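Listing of work-v2.csv; format and content: CSV, C-alpha atoms and all ligand atoms.
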```
chain,number,residue,atom,x,y,z
A,1,MET,CA,250.4,-79.6,-40.9
A,2,ALA,CA,250.5,-77.1,-38.1
A,3,LYS,CA,251.9,-78.2,-34.8
A,4,LYS,CA,249.4,-78.6,-32.0
A,5,ARG,CA,249.8,-75.5,-29.8
A,6,GLU,CA,249.3,-75.5,-26.1
A,7,THR,CA,247.5,-72.7,-24.3
A,8,PRO,CA,250.3,-70.5,-22.7
A,9,ASP,CA,250.1,-70.2,-18.9
A,10,GLN,CA,249.3,-66.5,-18.9
A,11,LEU,CA,246.2,-67.1,-21.1
A,12,GLN,CA,244.7,-69.5,-18.5
A,13,HIS,CA,244.4,-66.6,-16.1
A,14,ILE,CA,241.7,-64.2,-17.2
A,15,SER,CA,243.3,-61.1,-15.6
A,16,LYS,CA,246.6,-59.9,-14.2
A,17,LEU,CA,244.6,-58.3,-11.4
A,18,PRO,CA,242.4,-60.1,-8.9
A,19,VAL,CA,238.9,-61.1,-10.1
A,20,PRO,CA,236.3,-60.2,-7.5
A,21,GLU,CA,233.8,-62.7,-6.2
A,22,ILE,CA,230.3,-62.0,-7.6
A,23,GLU,CA,228.7,-61.9,-4.2
A,24,SER,CA,230.9,-58.9,-3.3
A,25,LEU,CA,229.6,-56.7,-6.1
A,26,ASP,CA,226.9,-54.1,-6.0
A,27,GLU,CA,223.4,-55.3,-6.5
A,28,ASP,CA,223.0,-53.9,-10.0
A,29,LEU,CA,226.2,-55.7,-11.2
A,30,GLN,CA,225.2,-58.9,-9.4
A,31,LYS,CA,222.0,-58.8,-11.3
A,32,TYR,CA,223.9,-58.2,-14.6
A,33,MET,CA,226.0,-61.3,-13.9
A,34,ARG,CA,222.9,-63.3,-13.1
A,35,ILE,CA,221.4,-62.3,-16.4
A,36,CYS,CA,224.6,-63.3,-18.2
A,37,THR,CA,224.6,-66.7,-16.6
A,38,GLU,CA,220.9,-67.1,-17.5
A,39,LYS,CA,221.1,-65.9,-21.1
A,40,LEU,CA,224.6,-67.0,-22.1
A,41,GLY,CA,225.3,-69.9,-19.7
A,42,LEU,CA,228.5,-68.1,-18.6
A,43,ILE,CA,229.9,-64.8,-17.6
A,44,PRO,CA,232.3,-63.5,-20.2
A,45,ASN,CA,235.9,-63.1,-18.9
A,46,VAL,CA,236.0,-59.4,-20.0
A,47,ILE,CA,233.0,-58.7,-17.7
A,48,ARG,CA,234.5,-60.7,-14.8
A,49,ALA,CA,237.8,-58.8,-15.2
A,50,PHE,CA,236.2,-55.4,-15.4
A,51,ALA,CA,234.2,-56.1,-12.2
A,52,LEU,CA,237.2,-55.1,-10.2
A,53,ARG,CA,236.5,-51.5,-11.3
A,54,PRO,CA,232.7,-51.2,-11.1
A,55,GLU,CA,232.5,-47.8,-12.8
A,56,LYS,CA,234.5,-49.2,-15.8
A,57,LEU,CA,232.2,-52.2,-16.0
A,58,ARG,CA,229.1,-50.0,-15.9
A,59,THR,CA,230.5,-47.9,-18.7
A,60,PHE,CA,231.4,-51.0,-20.7
A,61,ILE,CA,227.9,-52.4,-20.2
A,62,GLY,CA,226.4,-49.1,-21.2
A,63,LYS,CA,228.4,-48.9,-24.4
A,64,TYR,CA,227.8,-52.5,-25.2
A,65,ASN,CA,224.1,-52.1,-24.7
A,66,GLU,CA,224.1,-49.0,-26.8
A,67,LEU,CA,225.6,-50.8,-29.7
A,68,MET,CA,223.8,-54.1,-29.4
A,69,LEU,CA,220.3,-53.6,-28.0
A,70,GLY,CA,217.3,-52.5,-30.0
A,71,GLU,CA,216.2,-49.5,-28.0
A,72,ASP,CA,219.7,-48.2,-27.4
A,73,ALA,CA,220.6,-48.8,-31.0
A,74,LEU,CA,217.8,-46.4,-31.8
A,75,LEU,CA,219.3,-43.9,-29.4
A,76,THR,CA,222.8,-44.4,-31.0
A,77,ARG,CA,221.3,-43.7,-34.4
A,78,LEU,CA,219.7,-40.5,-33.1
A,79,GLU,CA,223.0,-39.5,-31.7
A,80,LEU,CA,224.8,-40.2,-34.9
A,81,SER,CA,222.3,-38.1,-36.8
A,82,GLY,CA,223.1,-35.2,-34.4
A,83,ILE,CA,219.5,-35.1,-33.0
A,84,ILE,CA,220.5,-35.9,-29.4
A,85,ARG,CA,223.7,-36.1,-27.5
A,86,SER,CA,224.6,-38.5,-24.7
A,87,GLU,CA,225.5,-36.9,-21.5
A,88,GLY,CA,226.7,-39.9,-19.6
A,89,HIS,CA,224.7,-41.7,-17.0
A,90,TYR,CA,223.5,-41.3,-13.4
A,91,TYR,CA,222.0,-43.3,-10.6
A,92,GLY,CA,218.5,-42.4,-9.5
A,93,ASP,CA,218.8,-44.3,-6.3
A,94,ILE,CA,221.9,-43.8,-4.1
A,95,ARG,CA,222.2,-45.0,-0.6
A,96,PHE,CA,224.8,-46.0,1.9
A,97,ALA,CA,225.0,-47.8,5.2
A,98,PRO,CA,227.6,-46.2,7.5
A,99,LYS,CA,229.6,-48.6,9.7
A,100,ASP,CA,230.0,-45.9,12.4
A,101,SER,CA,228.6,-42.7,13.8
A,102,SER,CA,229.0,-39.7,11.5
A,103,ALA,CA,231.3,-38.0,14.1
A,104,GLU,CA,233.6,-41.1,14.0
A,105,ILE,CA,233.5,-41.2,10.2
A,106,LEU,CA,234.5,-37.5,9.8
A,107,THR,CA,237.7,-38.1,11.8
A,108,HIS,CA,239.0,-40.1,8.8
A,109,TYR,CA,239.0,-36.9,6.6
A,110,PRO,CA,241.1,-33.7,6.7
A,111,ALA,CA,239.2,-30.6,7.9
A,112,ASN,CA,238.0,-29.2,4.5
A,113,GLN,CA,236.8,-32.6,3.3
A,114,ALA,CA,235.2,-33.3,6.6
A,115,ALA,CA,233.2,-30.1,6.3
A,116,PHE,CA,232.0,-31.1,2.9
A,117,MET,CA,231.0,-34.6,4.2
A,118,ARG,CA,229.2,-33.1,7.1
A,119,LYS,CA,227.2,-30.9,4.6
A,120,LEU,CA,226.5,-33.9,2.5
A,121,PHE,CA,225.3,-36.0,5.5
A,122,SER,CA,223.0,-33.2,6.7
A,123,CYS,CA,220.9,-33.4,3.5
A,124,CYS,CA,220.4,-37.2,3.5
A,125,SER,CA,217.5,-39.0,4.9
A,126,LYS,CA,218.1,-41.8,7.3
A,127,ALA,CA,216.2,-45.1,7.7
A,128,ARG,CA,217.2,-47.9,10.1
A,129,LYS,CA,220.2,-49.1,8.2
A,130,TRP,CA,220.4,-47.2,5.0
A,131,ILE,CA,220.9,-43.5,4.4
A,132,SER,CA,219.5,-42.3,1.1
A,133,LEU,CA,220.8,-39.4,-0.9
A,134,ASP,CA,218.8,-37.4,-3.3
A,135,MET,CA,221.3,-36.1,-5.9
A,136,LYS,CA,219.5,-32.9,-6.8
A,137,THR,CA,219.1,-31.9,-3.1
A,138,ALA,CA,222.7,-32.8,-2.4
A,139,MET,CA,224.0,-30.8,-5.4
A,140,ALA,CA,222.0,-27.7,-4.3
A,141,HIS,CA,223.0,-28.1,-0.7
A,142,THR,CA,226.8,-28.6,-1.2
A,143,GLU,CA,227.1,-26.6,-4.4
A,144,GLN,CA,229.1,-29.4,-5.9
A,145,ASP,CA,228.5,-31.4,-9.1
A,146,ARG,CA,227.5,-35.1,-9.3
A,147,GLY,CA,231.0,-36.3,-9.9
A,148,VAL,CA,232.4,-34.7,-6.7
A,149,ILE,CA,229.5,-36.1,-4.6
A,150,LEU,CA,229.8,-39.6,-6.1
A,151,ARG,CA,233.6,-39.6,-5.5
A,152,ALA,CA,233.0,-38.6,-1.8
A,153,LEU,CA,230.6,-41.4,-1.4
A,154,ASP,CA,232.9,-43.8,-3.1
A,155,SER,CA,235.7,-42.7,-0.7
A,156,LEU,CA,233.4,-43.8,2.2
A,157,GLN,CA,233.2,-47.3,0.7
A,158,HIS,CA,236.9,-47.3,-0.2
A,159,LYS,CA,238.0,-46.4,3.3
A,160,GLY,CA,235.7,-49.2,4.6
A,161,LEU,CA,233.5,-46.6,6.5
A,162,ALA,CA,230.2,-47.4,4.7
A,163,GLU,CA,228.6,-49.8,2.3
A,164,LEU,CA,227.5,-48.0,-0.8
A,165,GLN,CA,224.6,-49.0,-3.1
A,166,LEU,CA,224.0,-47.5,-6.5
A,167,ALA,CA,220.8,-48.4,-8.3
A,168,GLY,CA,218.4,-47.0,-10.9
A,169,TYR,CA,220.9,-46.6,-13.7
A,170,ARG,CA,219.8,-44.0,-16.2
A,171,GLN,CA,221.4,-42.7,-19.3
A,172,ARG,CA,221.1,-38.9,-19.9
A,173,PHE,CA,220.5,-37.4,-23.3
A,174,ARG,CA,220.3,-33.8,-24.4
A,175,ARG,CA,218.0,-32.9,-27.4
A,176,LEU,CA,220.1,-30.9,-29.9
A,177,GLN,CA,217.6,-30.2,-32.6
A,178,PRO,CA,214.4,-28.6,-31.3
A,179,ALA,CA,212.5,-29.1,-34.6
A,180,VAL,CA,212.6,-32.5,-36.1
A,181,ASP,CA,210.5,-33.8,-39.0
A,182,THR,CA,209.2,-36.7,-36.9
A,183,PRO,CA,207.3,-38.7,-39.5
A,184,ALA,CA,210.3,-38.5,-42.0
A,185,LEU,CA,212.7,-39.5,-39.2
A,186,CYS,CA,210.5,-42.4,-38.2
A,187,GLN,CA,210.3,-43.6,-41.8
A,188,GLN,CA,214.1,-43.3,-42.2
A,189,LEU,CA,214.7,-45.2,-39.0
A,190,ALA,CA,212.2,-47.9,-39.9
A,191,ASP,CA,213.9,-48.3,-43.3
A,192,THR,CA,217.3,-48.6,-41.6
A,193,PHE,CA,216.1,-51.3,-39.2
A,194,HIS,CA,214.4,-53.1,-42.0
A,195,GLN,CA,217.7,-53.3,-43.9
A,196,HIS,CA,219.4,-54.4,-40.8
A,197,GLU,CA,216.9,-57.1,-40.2
A,198,GLN,CA,217.3,-58.4,-43.8
A,199,MET,CA,221.1,-58.4,-43.3
A,200,GLU,CA,220.8,-60.4,-40.1
A,201,ILE,CA,218.5,-62.9,-41.8
A,202,SER,CA,220.8,-63.4,-44.7
A,203,ARG,CA,223.8,-63.8,-42.3
A,204,ILE,CA,222.0,-66.6,-40.6
A,205,GLU,CA,221.1,-68.2,-43.9
A,206,SER,CA,224.7,-68.1,-45.1
A,207,MET,CA,225.8,-69.6,-41.8
A,208,LEU,CA,223.3,-72.4,-42.3
A,209,ALA,CA,224.5,-73.0,-45.9
A,210,TYR,CA,228.0,-73.1,-44.6
A,211,ALA,CA,227.1,-75.7,-42.0
A,212,GLN,CA,225.6,-77.9,-44.7
A,213,SER,CA,228.3,-77.3,-47.2
A,214,GLU,CA,229.3,-80.3,-49.4
A,215,SER,CA,232.8,-79.0,-50.2
A,216,CYS,CA,235.9,-78.1,-48.1
A,217,LEU,CA,234.8,-75.9,-45.1
A,218,THR,CA,238.2,-74.2,-44.7
A,219,ALA,CA,238.2,-73.2,-48.3
A,220,LYS,CA,234.7,-71.8,-47.9
A,221,LEU,CA,235.7,-69.7,-45.0
A,222,LEU,CA,238.9,-68.4,-46.6
A,223,ASP,CA,237.0,-67.7,-49.8
A,224,TYR,CA,234.7,-65.5,-47.8
A,225,PHE,CA,237.7,-63.4,-46.8
A,226,GLY,CA,238.9,-63.3,-50.4
A,227,GLU,CA,241.6,-66.0,-50.2
A,228,PRO,CA,241.0,-69.0,-52.5
A,229,ILE,CA,242.8,-72.2,-51.6
A,230,GLU,CA,242.7,-75.9,-52.7
A,231,PRO,CA,240.7,-78.3,-50.5
A,232,CYS,CA,242.5,-78.1,-47.1
A,233,GLY,CA,242.7,-81.9,-46.5
A,234,HIS,CA,241.9,-81.8,-42.8
A,235,CYS,CA,238.4,-80.4,-42.3
A,236,GLY,CA,235.5,-82.8,-41.8
A,237,ILE,CA,234.4,-82.8,-45.4
A,238,CYS,CA,237.9,-83.3,-46.7
A,239,LEU,CA,238.3,-86.3,-44.3
A,240,GLY,CA,235.2,-87.9,-45.8
A,241,ASP,CA,232.4,-86.8,-43.4
A,242,GLN,CA,228.9,-86.4,-44.7
A,243,PRO,CA,227.7,-82.8,-44.9
A,244,ALA,CA,225.6,-81.8,-41.9
A,245,ALA,CA,221.9,-82.3,-42.4
A,246,LEU,CA,219.7,-79.9,-40.6
A,247,HIS,CA,216.2,-81.0,-39.8
A,248,GLN,CA,213.6,-79.1,-41.7
A,249,ARG,CA,211.6,-77.0,-39.2
A,250,GLN,CA,208.1,-78.1,-38.8
A,251,HIS,CA,205.7,-75.3,-38.6
A,252,THR,CA,202.0,-74.8,-38.5
A,253,SER,CA,200.3,-72.8,-41.2
A,254,ILE,CA,198.3,-69.7,-40.1
A,255,LYS,CA,195.3,-71.0,-42.1
A,256,GLY,CA,193.8,-73.3,-39.5
A,257,LEU,CA,194.1,-70.9,-36.6
A,258,ASP,CA,191.2,-69.1,-35.1
A,259,LEU,CA,191.9,-65.4,-35.3
A,260,SER,CA,188.3,-64.3,-34.8
A,261,GLY,CA,187.9,-61.0,-32.9
A,262,PHE,CA,191.3,-59.7,-34.1
A,263,GLN,CA,190.0,-57.0,-36.3
A,264,GLU,CA,187.9,-55.7,-33.4
A,265,LEU,CA,191.0,-55.8,-31.2
A,266,VAL,CA,192.9,-53.8,-33.8
A,267,ALA,CA,190.2,-51.2,-33.9
A,268,GLN,CA,190.2,-50.9,-30.1
A,269,HIS,CA,194.0,-50.4,-30.0
A,270,PRO,CA,195.0,-48.4,-33.0
A,271,LYS,CA,198.2,-47.2,-31.4
A,272,ALA,CA,199.6,-50.6,-30.7
A,273,LEU,CA,198.1,-52.6,-33.5
A,274,THR,CA,197.5,-50.6,-36.7
A,275,ARG,CA,200.6,-51.5,-38.7
A,276,PRO,CA,201.0,-55.0,-40.3
A,277,ARG,CA,204.3,-55.5,-38.5
A,278,GLN,CA,202.8,-54.5,-35.1
A,279,GLN,CA,200.0,-57.1,-35.7
A,280,ALA,CA,202.4,-59.8,-36.8
A,281,ARG,CA,204.5,-59.2,-33.7
A,282,PHE,CA,201.5,-59.3,-31.4
A,283,LEU,CA,200.2,-62.5,-33.0
A,284,CYS,CA,203.6,-64.2,-32.7
A,285,GLY,CA,203.8,-63.2,-29.0
A,286,MET,CA,206.5,-60.5,-29.3
A,287,ASN,CA,206.0,-57.7,-26.9
A,288,SER,CA,206.4,-54.0,-27.7
A,289,PRO,CA,206.3,-50.8,-25.6
A,290,ALA,CA,202.9,-49.9,-27.2
A,291,VAL,CA,201.5,-53.3,-26.4
A,292,SER,CA,202.7,-53.1,-22.8
A,293,ALA,CA,201.2,-49.6,-22.4
A,294,SER,CA,197.7,-50.8,-23.5
A,295,ARG,CA,196.0,-52.3,-20.5
A,296,GLY,CA,195.0,-56.0,-20.8
A,297,LEU,CA,196.4,-56.4,-24.3
A,298,ARG,CA,199.2,-58.8,-23.4
A,299,GLY,CA,196.6,-60.9,-21.5
A,300,ASN,CA,194.4,-61.2,-24.6
A,301,ARG,CA,194.0,-64.8,-25.9
A,302,LEU,CA,195.2,-63.7,-29.4
A,303,PHE,CA,198.6,-62.5,-28.1
A,304,GLY,CA,201.1,-65.2,-29.2
A,305,SER,CA,198.3,-67.2,-30.8
A,306,CYS,CA,200.4,-67.6,-34.0
A,307,ALA,CA,203.6,-68.5,-32.2
A,308,PRO,CA,203.9,-71.8,-34.0
A,309,VAL,CA,203.7,-70.1,-37.4
A,310,THR,CA,206.8,-68.4,-38.9
A,311,PHE,CA,206.9,-64.7,-38.5
A,312,ALA,CA,207.3,-64.2,-42.2
A,313,GLU,CA,204.1,-66.0,-42.9
A,314,VAL,CA,202.1,-64.1,-40.3
A,315,LEU,CA,203.5,-60.8,-41.6
A,316,ALA,CA,202.6,-61.7,-45.2
A,317,THR,CA,199.0,-62.4,-44.2
A,318,ARG,CA,198.9,-59.0,-42.4
A,319,ASN,CA,200.3,-57.2,-45.4
A,320,THR,CA,197.6,-58.6,-47.7
A,321,SER,CA,194.6,-58.5,-45.3
A,322,ASP,CA,192.4,-55.4,-44.9
A,401,ZN,ZN,238.8,-79.1,-46.2
```

What's the structure tokens form of this structure?
Ligand SMILES: [Zn+2]
Amino acid sequence: MAKKRETPDQLQHISKLPVPEIESLDEDLQKYMRICTEKLGLIPNVIRAFALRPEKLRTFIGKYNELMLGEDALLTRLELSGIIRSEGHYYGDIRFAPKDSSAEILTHYPANQAAFMRKLFSCCSKARKWISLDMKTAMAHTEQDRGVILRALDSLQHKGLAELQLAGYRQRFRRLQPAVDTPALCQQLADTFHQHEQMEISRIESMLAYAQSESCLTAKLLDYFGEPIEPCGHCGICLGDQPAALHQRQHTSIKGLDLSGFQELVAQHPKALTRPRQQARFLCGMNSPAVSASRGLRGNRLFGSCAPVTFAEVLATRNTSD
């Protein structure tokens, strides 16, 4: 039997460096933390530790989203196929609140940097508290690139001379292939996502089967990784527990539901509702960019009217109707 191990001291601290208070972060990062808390019930340590270096955290979030989220996964695939290339990100909305007059602020910089800062300030627009900077104007006016301007603004914040706010995060992409066979590409992407969906479903099914397993759980896990063992003698099943019994999900059949008027709706919104999968998503209450773009469609009584029915059943009826 393995000896019970204690968590070493250094693992109880999440970072060697100080971990900033959430309230002290920029608005976009605070919002991200709020979403984490809402969706996950916690803020992962890696995110809290990265918060000390906001730019690193933004890059990390960008990369993570690129890999994990639907729309960005699509962009990642287009990038992998060499159709587009990522060119980093930018902020559409940049503003800062100086803590002093510009003359006073400029005394904190050596002459050449002060001249650059003066140029930068002269092309900003000033409201009562916040000074907004339009990146394109600033780049043209100072003849410097984004990076230099952002570093200059960052230095204001770093020196405690101004509070900086960056919002309107956007990813930049360059189109590499001017002529793409769009229908073929769409089909190829749809196939890939369909395969991915099937894979995810079977992963969930095997997880459920594992949870309800009637034989040694450790052996099952190790077997998955190609290492057969005798029953371990210390998992729940080996110690005599009953296998977990999951409640059978109760779901409504689509048969009794009133879908009158749906065909008319489909005819009125061909872009959002022509394909069976689009219809099934709509009826189950799953939004899509095309549905959002069609006025009043989300407010229609049929949106989500099949929510108590399984998606697979709704989809099957869509595939066979018409
Ligand atoms: Zn066991």

Contacts of Gln113 (chain A) at 12 Å (only C-alpha atoms; same-chain gap of 2+ positions) as a PDB file with C-alpha atoms, keeping the file's coordinate frame:
```pdb
ATOM      1  CA  ILE A 105     233.500 -41.200  10.200  1.00  0.00           C
ATOM      2  CA  LEU A 106     234.500 -37.500   9.800  1.00  0.00           C
ATOM      3  CA  THR A 107     237.700 -38.100  11.800  1.00  0.00           C
ATOM      4  CA  HIS A 108     239.000 -40.100   8.800  1.00  0.00           C
ATOM      5  CA  TYR A 109     239.000 -36.900   6.600  1.00  0.00           C
ATOM      6  CA  PRO A 110     241.100 -33.700   6.700  1.00  0.00           C
ATOM      7  CA  ALA A 111     239.200 -30.600   7.900  1.00  0.00           C
ATOM      8  CA  ALA A 115     233.200 -30.100   6.300  1.00  0.00           C
ATOM      9  CA  PHE A 116     232.000 -31.100   2.900  1.00  0.00           C
ATOM     10  CA  MET A 117     231.000 -34.600   4.200  1.00  0.00           C
ATOM     11  CA  ARG A 118     229.200 -33.100   7.100  1.00  0.00           C
ATOM     12  CA  LYS A 119     227.200 -30.900   4.600  1.00  0.00           C
ATOM     13  CA  LEU A 120     226.500 -33.900   2.500  1.00  0.00           C
ATOM     14  CA  THR A 142     226.800 -28.600  -1.200  1.00  0.00           C
ATOM     15  CA  VAL A 148     232.400 -34.700  -6.700  1.00  0.00           C
ATOM     16  CA  ILE A 149     229.500 -36.100  -4.600  1.00  0.00           C
ATOM     17  CA  ARG A 151     233.600 -39.600  -5.500  1.00  0.00           C
ATOM     18  CA  ALA A 152     233.000 -38.600  -1.800  1.00  0.00           C
ATOM     19  CA  LEU A 153     230.600 -41.400  -1.400  1.00  0.00           C
ATOM     20  CA  SER A 155     235.700 -42.700  -0.700  1.00  0.00           C
ATOM     21  CA  LEU A 156     233.400 -43.800   2.200  1.00  0.00           C
TER      22      LEU A 156
END
```

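With all atoms listed in the file as the atoms that count, the minimum distance from ligand ZN 401 (chain A) to the choices A:Ser86, A:Ser215, A:Gln177, A:Thr59 is reached by A:Ser215.
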
Which residues, written as a PDB file with C-alpha atoms, in the frame of the given file, have at least one atom at most 7 Å from Leu133 (chain A), with all atoms listed in the file counted and residues fewer than 3 positions away on the same chain left out?
```
ATOM      1  CA  ILE A  94     221.900 -43.800  -4.100  1.00  0.00           C
ATOM      2  CA  ARG A  95     222.200 -45.000  -0.600  1.00  0.00           C
ATOM      3  CA  CYS A 124     220.400 -37.200   3.500  1.00  0.00           C
ATOM      4  CA  SER A 125     217.500 -39.000   4.900  1.00  0.00           C
TER       5      SER A 125
END
```

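CA of Arg318 (chain A) is found 5.0 Å from CA of Pro276 (chain A).
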
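Between CA of Leu161 (chain A) and CA of Ala103 (chain A) there is a distance of 11.7 Å.
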
Hey, which residues come within 6 Å of ligand ZN 401 (chain A) if we count only C-alpha atoms and all ligand atoms? Could you give them as a compact mmCIF listing (two decimals) with C-alpha atoms, in the coordinates of the input?
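Saved result, result_11.txt, follows:
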```
# COMPACT_ATOMS: atom_id res chain seq x y z
CA CYS A 216 235.90 -78.10 -48.10
CA LEU A 217 234.80 -75.90 -45.10
CA THR A 218 238.20 -74.20 -44.70
CA PRO A 231 240.70 -78.30 -50.50
CA CYS A 232 242.50 -78.10 -47.10
CA GLY A 233 242.70 -81.90 -46.50
CA HIS A 234 241.90 -81.80 -42.80
CA CYS A 235 238.40 -80.40 -42.30
CA ILE A 237 234.40 -82.80 -45.40
CA CYS A 238 237.90 -83.30 -46.70
```

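Within 12 Å of the point (214.4, -55.8, -37.1), and counting all atoms listed in the file, the protein, DNA and RNA residues are Leu69, Gly70, Glu71, Ala73, Leu74, Leu189, Ala190, Asp191, Thr192, Phe193, His194, Gln195, His196, Glu197, Gln198, Met199, Glu200, Ile201, Arg277, Gln278, Arg281 and Phe311 of chain A.
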
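The coordinates place CA of Ala290 (chain A) at 24.1 Å from CA of Ile254 (chain A).
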